[in-house]
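The file entry-v3.txt comes next; it holds compact mmCIF, C-alpha atoms.
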```
# COMPACT_ATOMS: atom_id res chain seq x y z
CA MET R 216 -253.99 -97.14 156.46
CA PRO R 217 -256.00 -99.27 153.97
CA TYR R 218 -256.10 -98.10 150.36
CA VAL R 219 -257.28 -99.53 147.04
CA GLU R 220 -255.71 -98.34 143.79
CA VAL R 221 -258.64 -97.63 141.46
CA GLU R 222 -256.38 -96.51 138.64
CA LYS R 223 -252.66 -95.94 138.32
CA GLY R 224 -251.69 -93.22 140.78
CA VAL R 225 -255.16 -92.87 142.35
CA GLN R 226 -255.81 -94.45 145.73
CA TYR R 227 -259.13 -94.81 147.54
CA TYR R 228 -259.11 -94.85 151.32
CA TYR R 229 -261.56 -97.24 152.96
CA GLU R 230 -262.41 -98.64 156.37
CA ASP R 231 -263.44 -102.27 156.77
CA VAL R 232 -264.92 -103.57 160.02
CA GLY R 233 -266.98 -106.55 161.11
CA GLN R 234 -267.57 -109.91 159.47
CA GLY R 235 -270.31 -111.45 157.38
CA LYS R 236 -272.28 -110.26 154.39
CA PRO R 237 -270.72 -107.02 153.06
CA ILE R 238 -272.39 -103.62 153.06
CA VAL R 239 -270.60 -100.90 151.12
CA PHE R 240 -271.56 -97.32 151.99
CA VAL R 241 -270.96 -94.53 149.44
CA HIS R 242 -271.21 -90.95 150.68
CA GLY R 243 -272.72 -87.97 148.89
CA TRP R 244 -271.16 -85.16 146.88
CA GLY R 245 -268.12 -83.62 148.56
CA MET R 246 -268.61 -85.60 151.76
CA ASN R 247 -266.68 -88.57 153.15
CA ARG R 248 -267.11 -91.92 154.88
CA LYS R 249 -267.59 -90.34 158.33
CA VAL R 250 -271.28 -89.59 157.71
CA TRP R 251 -272.00 -93.32 158.10
CA GLU R 252 -270.57 -93.57 161.63
CA ARG R 253 -273.84 -94.68 163.23
CA GLN R 254 -274.40 -97.34 160.57
CA VAL R 255 -270.85 -98.63 161.00
CA VAL R 256 -271.37 -99.06 164.74
CA ASP R 257 -274.86 -100.55 164.48
CA PHE R 258 -274.23 -102.97 161.60
CA SER R 259 -270.67 -104.16 162.18
CA ASP R 260 -271.71 -106.71 164.81
CA LYS R 261 -273.55 -108.73 162.13
CA PHE R 262 -272.10 -107.57 158.81
CA ARG R 263 -268.84 -106.65 157.15
CA VAL R 264 -269.17 -102.88 156.83
CA ILE R 265 -267.03 -101.02 154.31
CA THR R 266 -267.02 -97.24 154.02
CA ILE R 267 -265.07 -95.46 151.30
CA ASP R 268 -263.86 -91.97 150.56
CA CYS R 269 -264.61 -91.23 146.93
CA ARG R 270 -262.06 -89.60 144.67
CA GLY R 271 -261.35 -86.07 145.85
CA CYS R 272 -262.86 -86.62 149.29
CA GLY R 273 -261.68 -87.46 152.79
CA ASN R 274 -258.40 -89.38 152.85
CA SER R 275 -258.54 -90.52 149.22
CA ASP R 276 -256.35 -89.04 146.52
CA LYS R 277 -257.45 -85.79 144.94
CA PRO R 278 -256.40 -85.80 141.29
CA ALA R 279 -257.62 -83.22 138.79
CA HIS R 280 -259.56 -85.74 136.71
CA GLY R 281 -262.14 -88.53 136.95
CA TYR R 282 -265.02 -86.88 138.80
CA GLU R 283 -267.86 -87.86 136.47
CA ILE R 284 -270.53 -90.09 138.01
CA ALA R 285 -269.76 -92.91 135.56
CA LYS R 286 -266.06 -92.77 136.43
CA LEU R 287 -266.83 -92.79 140.15
CA ALA R 288 -268.96 -95.89 139.53
CA ASP R 289 -265.97 -97.43 137.76
CA ASP R 290 -263.87 -96.59 140.83
CA LEU R 291 -266.47 -98.30 143.00
CA ASN R 292 -266.24 -101.39 140.82
CA GLU R 293 -262.47 -101.44 141.30
CA VAL R 294 -262.91 -101.31 145.07
CA ILE R 295 -265.47 -104.12 145.01
CA SER R 296 -263.32 -106.25 142.69
CA LYS R 297 -260.05 -105.79 144.56
CA LEU R 298 -261.66 -106.48 147.93
CA GLU R 299 -263.16 -109.61 146.30
CA LEU R 300 -266.63 -108.89 147.66
CA LYS R 301 -269.50 -111.31 147.14
CA ASP R 302 -273.24 -110.88 147.79
CA ALA R 303 -272.75 -107.25 148.83
CA THR R 304 -275.34 -104.54 149.37
CA LEU R 305 -274.46 -101.06 148.10
CA VAL R 306 -275.83 -98.02 149.91
CA GLY R 307 -275.33 -94.64 148.27
CA TRP R 308 -276.41 -91.24 149.53
CA SER R 309 -277.26 -88.28 147.24
CA ALA R 310 -274.63 -88.25 144.48
CA GLY R 311 -273.54 -91.55 146.00
CA GLY R 312 -276.99 -92.81 145.06
CA SER R 313 -276.26 -91.78 141.48
CA ILE R 314 -272.98 -93.69 141.64
CA VAL R 315 -274.64 -96.81 143.03
CA ILE R 316 -277.47 -96.78 140.48
CA ASP R 317 -275.04 -96.16 137.61
CA TYR R 318 -273.02 -99.12 138.88
CA ALA R 319 -276.14 -101.28 139.01
CA THR R 320 -277.00 -100.47 135.38
CA ARG R 321 -273.58 -101.52 134.05
CA TYR R 322 -272.02 -104.11 136.34
CA SER R 323 -273.84 -107.39 136.70
CA SER R 324 -272.14 -110.06 138.77
CA GLU R 325 -272.38 -112.03 141.97
CA ALA R 326 -270.43 -109.29 143.75
CA VAL R 327 -273.44 -107.04 144.37
CA THR R 328 -276.93 -108.44 144.89
CA LYS R 329 -278.83 -105.43 146.33
CA ALA R 330 -278.61 -101.65 146.17
CA VAL R 331 -280.03 -98.73 148.13
CA SER R 332 -280.29 -95.13 146.94
CA VAL R 333 -280.68 -92.65 149.81
CA GLY R 334 -281.95 -89.35 148.44
CA GLY R 335 -280.18 -90.24 145.23
CA ALA R 336 -279.95 -87.75 142.39
CA VAL R 337 -281.36 -90.22 139.87
CA PRO R 338 -282.38 -90.78 137.16
CA ARG R 339 -281.37 -87.17 136.41
CA TYR R 340 -280.93 -84.18 138.69
CA THR R 341 -282.17 -81.52 136.29
CA SER R 342 -285.36 -81.08 134.35
CA THR R 343 -285.45 -81.32 130.58
CA GLU R 344 -287.98 -81.67 127.79
CA GLY R 345 -290.39 -84.44 128.77
CA PHE R 346 -289.01 -84.62 132.31
CA ASP R 347 -290.00 -81.89 134.76
CA LEU R 348 -289.22 -83.65 138.05
CA GLY R 349 -285.71 -82.32 138.56
CA PHE R 350 -284.43 -78.84 139.32
CA PRO R 351 -283.99 -76.30 136.50
CA PRO R 352 -280.53 -76.59 134.88
CA GLU R 353 -279.87 -73.00 135.94
CA ASN R 354 -279.76 -74.17 139.56
CA VAL R 355 -276.63 -76.21 138.86
CA GLU R 356 -275.07 -73.30 136.98
CA GLN R 357 -275.76 -71.02 139.94
CA THR R 358 -274.29 -73.56 142.34
CA LEU R 359 -271.10 -73.82 140.29
CA ALA R 360 -270.84 -70.04 140.12
CA ALA R 361 -271.24 -69.82 143.89
CA MET R 362 -268.50 -72.43 144.35
CA ARG R 363 -266.11 -70.29 142.35
CA THR R 364 -266.83 -67.12 144.29
CA ASN R 365 -267.41 -68.34 147.85
CA ARG R 366 -267.13 -72.09 148.28
CA PRO R 367 -267.34 -72.08 152.12
CA ALA R 368 -270.60 -70.11 152.06
CA LEU R 369 -272.12 -72.46 149.51
CA VAL R 370 -271.01 -75.55 151.42
CA ARG R 371 -272.41 -74.11 154.64
CA ALA R 372 -275.81 -73.63 152.97
CA ILE R 373 -275.78 -77.19 151.63
CA ALA R 374 -274.80 -78.61 155.03
CA ASP R 375 -277.57 -76.72 156.82
CA GLY R 376 -280.08 -77.69 154.14
CA CYS R 377 -279.61 -81.41 154.74
CA PHE R 378 -281.84 -81.36 157.83
CA HIS R 379 -285.54 -80.94 158.51
CA GLN R 380 -285.40 -81.42 162.26
CA ASP R 381 -283.51 -79.22 164.70
CA VAL R 382 -280.37 -81.33 164.93
CA GLY R 383 -278.41 -78.54 166.62
CA GLN R 384 -275.56 -76.34 165.50
CA ALA R 385 -272.92 -78.89 166.44
CA MET R 386 -274.30 -81.40 163.91
CA LYS R 387 -274.51 -78.77 161.19
CA ASP R 388 -270.95 -77.68 161.95
CA TRP R 389 -269.77 -81.29 161.78
CA PHE R 390 -271.42 -81.72 158.38
CA PHE R 391 -269.83 -78.47 157.18
CA GLN R 392 -266.37 -79.54 158.36
CA ASN R 393 -266.67 -82.87 156.58
CA PHE R 394 -267.82 -81.13 153.40
CA MET R 395 -264.82 -78.81 153.54
CA GLU R 396 -262.39 -81.73 153.38
CA GLN R 397 -263.30 -82.15 149.72
CA SER R 398 -261.03 -81.12 146.87
CA TRP R 399 -262.12 -78.12 144.82
CA PHE R 400 -262.08 -80.52 141.85
CA THR R 401 -265.31 -82.08 143.12
CA GLU R 402 -267.11 -79.22 141.40
CA LYS R 403 -266.70 -81.40 138.31
CA THR R 404 -269.02 -83.96 139.88
CA MET R 405 -271.59 -81.25 140.50
CA ALA R 406 -271.28 -80.18 136.87
CA ASP R 407 -271.80 -83.78 135.74
CA LEU R 408 -274.91 -84.10 137.90
CA GLY R 409 -276.37 -81.34 135.77
CA LYS R 410 -275.97 -83.51 132.66
CA ILE R 411 -276.30 -87.21 133.43
CA ASP R 412 -279.47 -89.03 132.48
CA LEU R 413 -280.01 -92.64 133.54
CA ARG R 414 -283.67 -92.90 132.54
CA GLU R 415 -283.09 -95.30 129.67
CA LYS R 416 -280.71 -97.43 131.75
CA LEU R 417 -283.00 -98.10 134.70
CA SER R 418 -284.52 -101.10 132.94
CA ASP R 419 -281.04 -102.68 132.82
CA ILE R 420 -281.02 -103.10 136.60
CA SER R 421 -281.60 -106.73 137.52
CA ILE R 422 -281.06 -106.65 141.29
CA PRO R 423 -283.50 -105.49 144.00
CA VAL R 424 -283.23 -101.77 144.68
CA ALA R 425 -284.64 -99.73 147.56
CA PHE R 426 -285.08 -95.99 147.39
CA PHE R 427 -284.92 -94.26 150.78
CA HIS R 428 -285.99 -90.62 150.70
CA GLY R 429 -286.83 -87.89 153.18
CA LEU R 430 -290.31 -86.42 152.76
CA HIS R 431 -288.97 -82.89 153.27
CA ASP R 432 -285.87 -83.26 151.08
CA GLY R 433 -285.06 -79.89 149.53
CA VAL R 434 -281.73 -81.01 148.07
CA VAL R 435 -283.01 -83.85 145.87
CA PRO R 436 -286.77 -84.01 145.13
CA LEU R 437 -288.66 -87.04 146.43
CA SER R 438 -290.37 -87.22 143.04
CA LEU R 439 -287.13 -88.56 141.52
CA SER R 440 -287.16 -91.65 143.71
CA GLU R 441 -290.87 -92.09 143.04
CA TYR R 442 -290.12 -92.06 139.32
CA CYS R 443 -287.33 -94.63 139.63
CA VAL R 444 -289.48 -97.07 141.58
CA LYS R 445 -291.97 -97.12 138.72
CA GLU R 446 -289.25 -97.78 136.14
CA ILE R 447 -287.28 -100.54 137.88
CA THR R 448 -288.78 -104.01 137.97
CA ASN R 449 -287.78 -104.96 141.51
CA ALA R 450 -287.77 -101.69 143.44
CA ASN R 451 -289.49 -100.23 146.46
CA LEU R 452 -289.73 -96.81 148.09
CA VAL R 453 -289.31 -95.98 151.78
CA VAL R 454 -290.27 -92.43 152.76
CA PHE R 455 -288.93 -90.90 155.97
CA GLU R 456 -291.61 -88.49 157.15
CA ASN R 457 -289.42 -86.56 159.59
CA SER R 458 -286.32 -86.13 157.44
CA SER R 459 -284.86 -83.93 154.78
CA HIS R 460 -281.75 -85.09 152.91
CA ALA R 461 -280.08 -87.12 155.67
CA PRO R 462 -282.55 -89.68 157.10
CA PHE R 463 -279.63 -91.82 158.29
CA ILE R 464 -279.02 -89.06 160.85
CA GLU R 465 -282.45 -87.54 161.41
CA GLU R 466 -284.19 -90.92 161.81
CA ILE R 467 -281.31 -93.23 162.71
CA ASP R 468 -283.31 -96.04 164.29
CA ARG R 469 -285.90 -96.31 161.55
CA PHE R 470 -283.28 -95.93 158.83
CA ASN R 471 -281.25 -98.81 160.24
CA GLU R 472 -284.34 -100.94 160.73
CA GLU R 473 -285.45 -100.39 157.13
CA LEU R 474 -281.97 -101.08 155.81
CA LEU R 475 -281.68 -104.28 157.83
CA ALA R 476 -285.11 -105.45 156.65
CA PHE R 477 -284.18 -104.81 153.03
CA ILE R 478 -280.85 -106.63 153.29
CA GLN R 479 -282.51 -109.63 154.93
CA SER R 480 -285.51 -109.74 152.59
```
For the structure just supplied, provide its representation as structure tokens.
Amino acid sequence: MPYVEVEKGVQYYYEDVGQGKPIVFVHGWGMNRKVWERQVVDFSDKFRVITIDCRGCGNSDKPAHGYEIAKLADDLNEVISKLELKDATLVGWSAGGSIVIDYATRYSSEAVTKAVSVGGAVPRYTSTEGFDLGFPPENVEQTLAAMRTNRPALVRAIADGCFHQDVGQAMKDWFFQNFMEQSWFTEKTMADLGKIDLREKLSDISIPVAFFHGLHDGVVPLSLSEYCVKEITNANLVVFENSSHAPFIEEIDRFNEELLAFIQS
């Protein structure tokens, strides 16, 4: 099984298929690489497709530390560096979008030349003075409290809330099962999402960025992506009118078409 050591004693599991220009997919909070299965199949005939399990998720190690978004972006940099990637496109979903955008603000090299945030929780997930686009900070506190008392029930609600269309119970169950593979330590990532603020760092991004967002997203407000597009020099917004938080599943064909167009632009 392929692993990359992102720090001493911490291994990231990844899958690497296809040849050509690399695309690195980063899953959302508490999820794993499996959510990108359709993209792996559809893109691996023309691209080198790499999917990773972030720290605490899937087949990767589950230490008790290192779950902050900035640290997860550092982990991502280690993966990219050790796989010696060049001219790669990063695609991050939800908290993975936060990781990808944080990476883009701090790591500038020939390794990554484009980035995509899919329903990303950026520039900040919670509202604060002068910024009312995010959710109230109490929402994160309530989520953390629910994780402590009944994590399966909370995860079930999050899994079901990712969809706008009637995708069927089997799909919701599959999402729930993937969520439940996470370590309980991933609650630290959720806590960090309640605090991080990348607003002042968006101007540091020098590569093209696309923001993909479901019109009906109730997990991460569309207004956050709209804000980011205005603050980043070379950014564009793609809205998926029939999706909530997972347009790569609810609108597979259009999602893949938009991603391909962005990579080739």
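Nearest residue to Thr304 of chain R, choosing from R:Ala374, R:Val444, R:Met395, R:Ala326 and counting all atoms listed in the file: R:Ala326.
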Box for segment 407-418 of chain R - axis-aligned, 8 Å on each of the six sides, all listed atoms - centre and size in Å to one decimal, as AutoDock Vina command-line options.
```
--center_x -278.2 --center_y -91.2 --center_z 133.8 --size_x 28.7 --size_y 35.8 --size_z 24.2
```
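Nearest to Arg414 of chain R of all the residues R:Val337, R:Leu348, R:Ala461, R:Val434 is R:Val337, based on all atoms listed in the file.
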Got a sec: who's within 10 Å of Phe390 of chain R, counting all atoms listed in the file, leaving out chain neighbours fewer than 2 positions off, as a tab-separated table (two decimals) with C-alpha atoms, in the coordinates of the input?
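Result went into out-v7.tsv, see below:
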```tsv
chain	number	residue	atom	x	y	z
R	246	MET	CA	-268.61	-85.60	151.76
R	247	ASN	CA	-266.68	-88.57	153.15
R	249	LYS	CA	-267.59	-90.34	158.33
R	250	VAL	CA	-271.28	-89.59	157.71
R	370	VAL	CA	-271.01	-75.55	151.42
R	371	ARG	CA	-272.41	-74.11	154.64
R	373	ILE	CA	-275.78	-77.19	151.63
R	374	ALA	CA	-274.80	-78.61	155.03
R	375	ASP	CA	-277.57	-76.72	156.82
R	377	CYS	CA	-279.61	-81.41	154.74
R	384	GLN	CA	-275.56	-76.34	165.50
R	385	ALA	CA	-272.92	-78.89	166.44
R	386	MET	CA	-274.30	-81.40	163.91
R	387	LYS	CA	-274.51	-78.77	161.19
R	388	ASP	CA	-270.95	-77.68	161.95
R	392	GLN	CA	-266.37	-79.54	158.36
R	393	ASN	CA	-266.67	-82.87	156.58
R	394	PHE	CA	-267.82	-81.13	153.40
R	395	MET	CA	-264.82	-78.81	153.54
```
Residue neighbourhood segment 312-325 of chain R, 7 Å, only C-alpha atoms, exclusion window fewer than 6 positions, as a PyMOL selection string
chain R and resi 284-285+287-288+301-302+305+332-337+416-417+419-420
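Of the residues under consideration (R:Thr343, R:Ala310, R:Ala368, R:Ile478), R:Thr343 shows the shortest atom-to-atom contact distance to Asp412 of chain R when counting all atoms listed in the file.
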Expected answer as a PDB file with C-alpha atoms, in the frame of the given file: all residues with atoms within 12 Å of (-290.2, -91.0, 140.2), all atoms listed in the file:
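The resulting file, out-v9.pdb, is shown below:
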```pdb
ATOM      1  CA  GLY R 334    -281.950 -89.350 148.440  1.00  0.00           C
ATOM      2  CA  GLY R 335    -280.180 -90.240 145.230  1.00  0.00           C
ATOM      3  CA  ALA R 336    -279.950 -87.750 142.390  1.00  0.00           C
ATOM      4  CA  VAL R 337    -281.360 -90.220 139.870  1.00  0.00           C
ATOM      5  CA  PRO R 338    -282.380 -90.780 137.160  1.00  0.00           C
ATOM      6  CA  ARG R 339    -281.370 -87.170 136.410  1.00  0.00           C
ATOM      7  CA  TYR R 340    -280.930 -84.180 138.690  1.00  0.00           C
ATOM      8  CA  PHE R 346    -289.010 -84.620 132.310  1.00  0.00           C
ATOM      9  CA  ASP R 347    -290.000 -81.890 134.760  1.00  0.00           C
ATOM     10  CA  LEU R 348    -289.220 -83.650 138.050  1.00  0.00           C
ATOM     11  CA  GLY R 349    -285.710 -82.320 138.560  1.00  0.00           C
ATOM     12  CA  ARG R 414    -283.670 -92.900 132.540  1.00  0.00           C
ATOM     13  CA  LEU R 417    -283.000 -98.100 134.700  1.00  0.00           C
ATOM     14  CA  PHE R 426    -285.080 -95.990 147.390  1.00  0.00           C
ATOM     15  CA  HIS R 428    -285.990 -90.620 150.700  1.00  0.00           C
ATOM     16  CA  VAL R 435    -283.010 -83.850 145.870  1.00  0.00           C
ATOM     17  CA  PRO R 436    -286.770 -84.010 145.130  1.00  0.00           C
ATOM     18  CA  LEU R 437    -288.660 -87.040 146.430  1.00  0.00           C
ATOM     19  CA  SER R 438    -290.370 -87.220 143.040  1.00  0.00           C
ATOM     20  CA  LEU R 439    -287.130 -88.560 141.520  1.00  0.00           C
ATOM     21  CA  SER R 440    -287.160 -91.650 143.710  1.00  0.00           C
ATOM     22  CA  GLU R 441    -290.870 -92.090 143.040  1.00  0.00           C
ATOM     23  CA  TYR R 442    -290.120 -92.060 139.320  1.00  0.00           C
ATOM     24  CA  CYS R 443    -287.330 -94.630 139.630  1.00  0.00           C
ATOM     25  CA  VAL R 444    -289.480 -97.070 141.580  1.00  0.00           C
ATOM     26  CA  LYS R 445    -291.970 -97.120 138.720  1.00  0.00           C
ATOM     27  CA  GLU R 446    -289.250 -97.780 136.140  1.00  0.00           C
ATOM     28  CA  ILE R 447    -287.280-100.540 137.880  1.00  0.00           C
ATOM     29  CA  ALA R 450    -287.770-101.690 143.440  1.00  0.00           C
ATOM     30  CA  ASN R 451    -289.490-100.230 146.460  1.00  0.00           C
ATOM     31  CA  LEU R 452    -289.730 -96.810 148.090  1.00  0.00           C
TER      32      LEU R 452
END
```
Name the residues in contact with Gly429 of chain R at a cut-off of 6 Å, using all atoms listed in the file, excluding same-chain residues fewer than 5 positions from it; report them as JSON, numbers by chain.
{"R": [454, 455, 458, 459, 460]}
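One finds atom CA of Val453 of chain R at 4.8 Å from atom CA of Phe427 of chain R.
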Using only C-alpha atoms: which of R:Asp257, R:Tyr282, R:Thr448, R:Cys272 has the shortest distance to Ile422 of chain R:
R:Thr448
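Ranking R:Ala406, R:Glu230, R:Asp289, R:Ser296 by their shortest atom-to-atom distance to Thr266 of chain R, with all atoms listed in the file included, puts R:Glu230 first.
Comparing the minimum interatomic distances between Phe258 of chain R and each of R:Val241, R:Val232, R:Ile411, R:Met362, counting all atoms listed in the file, we find that R:Val232 sits nearest.
Coordinates place atom CA of Trp399 of chain R at a distance of 24.3 Å from atom CA of Glu252 of chain R.
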Quick check, in Å to one decimal: how far apart do atom CA of Ser398 of chain R and atom CA of Ile265 of chain R lie?
22.1 Å
N, CA and C atoms modelled onto segment 287-302 of chain R, as a PDB file, keeping the file's coordinate frame:
```
ATOM      1  N   LEU R 287    -266.779 -92.447 138.739  1.00  0.00           N
ATOM      2  CA  LEU R 287    -266.830 -92.790 140.150  1.00  0.00           C
ATOM      3  C   LEU R 287    -267.458 -94.168 140.358  1.00  0.00           C
ATOM      4  N   ALA R 288    -268.399 -94.539 139.486  1.00  0.00           N
ATOM      5  CA  ALA R 288    -268.960 -95.890 139.530  1.00  0.00           C
ATOM      6  C   ALA R 288    -267.916 -96.916 139.109  1.00  0.00           C
ATOM      7  N   ASP R 289    -267.075 -96.556 138.144  1.00  0.00           N
ATOM      8  CA  ASP R 289    -265.970 -97.430 137.760  1.00  0.00           C
ATOM      9  C   ASP R 289    -264.995 -97.606 138.931  1.00  0.00           C
ATOM     10  N   ASP R 290    -264.721 -96.515 139.638  1.00  0.00           N
ATOM     11  CA  ASP R 290    -263.870 -96.590 140.830  1.00  0.00           C
ATOM     12  C   ASP R 290    -264.470 -97.554 141.853  1.00  0.00           C
ATOM     13  N   LEU R 291    -265.777 -97.429 142.059  1.00  0.00           N
ATOM     14  CA  LEU R 291    -266.470 -98.300 143.000  1.00  0.00           C
ATOM     15  C   LEU R 291    -266.315 -99.759 142.584  1.00  0.00           C
ATOM     16  N   ASN R 292    -266.412-100.023 141.310  1.00  0.00           N
ATOM     17  CA  ASN R 292    -266.240-101.390 140.820  1.00  0.00           C
ATOM     18  C   ASN R 292    -264.844-101.911 141.114  1.00  0.00           C
ATOM     19  N   GLU R 293    -263.843-101.035 140.990  1.00  0.00           N
ATOM     20  CA  GLU R 293    -262.470-101.440 141.300  1.00  0.00           C
ATOM     21  C   GLU R 293    -262.332-101.809 142.776  1.00  0.00           C
ATOM     22  N   VAL R 294    -262.955-101.012 143.637  1.00  0.00           N
ATOM     23  CA  VAL R 294    -262.910-101.310 145.070  1.00  0.00           C
ATOM     24  C   VAL R 294    -263.551-102.664 145.343  1.00  0.00           C
ATOM     25  N   ILE R 295    -264.736-102.874 144.791  1.00  0.00           N
ATOM     26  CA  ILE R 295    -265.470-104.120 145.010  1.00  0.00           C
ATOM     27  C   ILE R 295    -264.678-105.315 144.483  1.00  0.00           C
ATOM     28  N   SER R 296    -264.080-105.154 143.309  1.00  0.00           N
ATOM     29  CA  SER R 296    -263.320-106.250 142.690  1.00  0.00           C
ATOM     30  C   SER R 296    -262.060-106.571 143.485  1.00  0.00           C
ATOM     31  N   LYS R 297    -261.324-105.550 143.889  1.00  0.00           N
ATOM     32  CA  LYS R 297    -260.050-105.790 144.560  1.00  0.00           C
ATOM     33  C   LYS R 297    -260.225-106.256 146.003  1.00  0.00           C
ATOM     34  N   LEU R 298    -261.369-105.936 146.603  1.00  0.00           N
ATOM     35  CA  LEU R 298    -261.660-106.480 147.930  1.00  0.00           C
ATOM     36  C   LEU R 298    -262.333-107.855 147.832  1.00  0.00           C
ATOM     37  N   GLU R 299    -262.584-108.289 146.583  1.00  0.00           N
ATOM     38  CA  GLU R 299    -263.160-109.610 146.300  1.00  0.00           C
ATOM     39  C   GLU R 299    -264.488-109.822 147.044  1.00  0.00           C
ATOM     40  N   LEU R 300    -265.348-108.819 146.959  1.00  0.00           N
ATOM     41  CA  LEU R 300    -266.630-108.890 147.660  1.00  0.00           C
ATOM     42  C   LEU R 300    -267.611-109.789 146.922  1.00  0.00           C
ATOM     43  N   LYS R 301    -268.452-110.456 147.675  1.00  0.00           N
ATOM     44  CA  LYS R 301    -269.500-111.310 147.140  1.00  0.00           C
ATOM     45  C   LYS R 301    -270.798-111.023 147.900  1.00  0.00           C
ATOM     46  N   ASP R 302    -271.911-111.033 147.177  1.00  0.00           N
ATOM     47  CA  ASP R 302    -273.240-110.880 147.790  1.00  0.00           C
ATOM     48  C   ASP R 302    -273.332-109.601 148.625  1.00  0.00           C
TER      49      ASP R 302
END
```
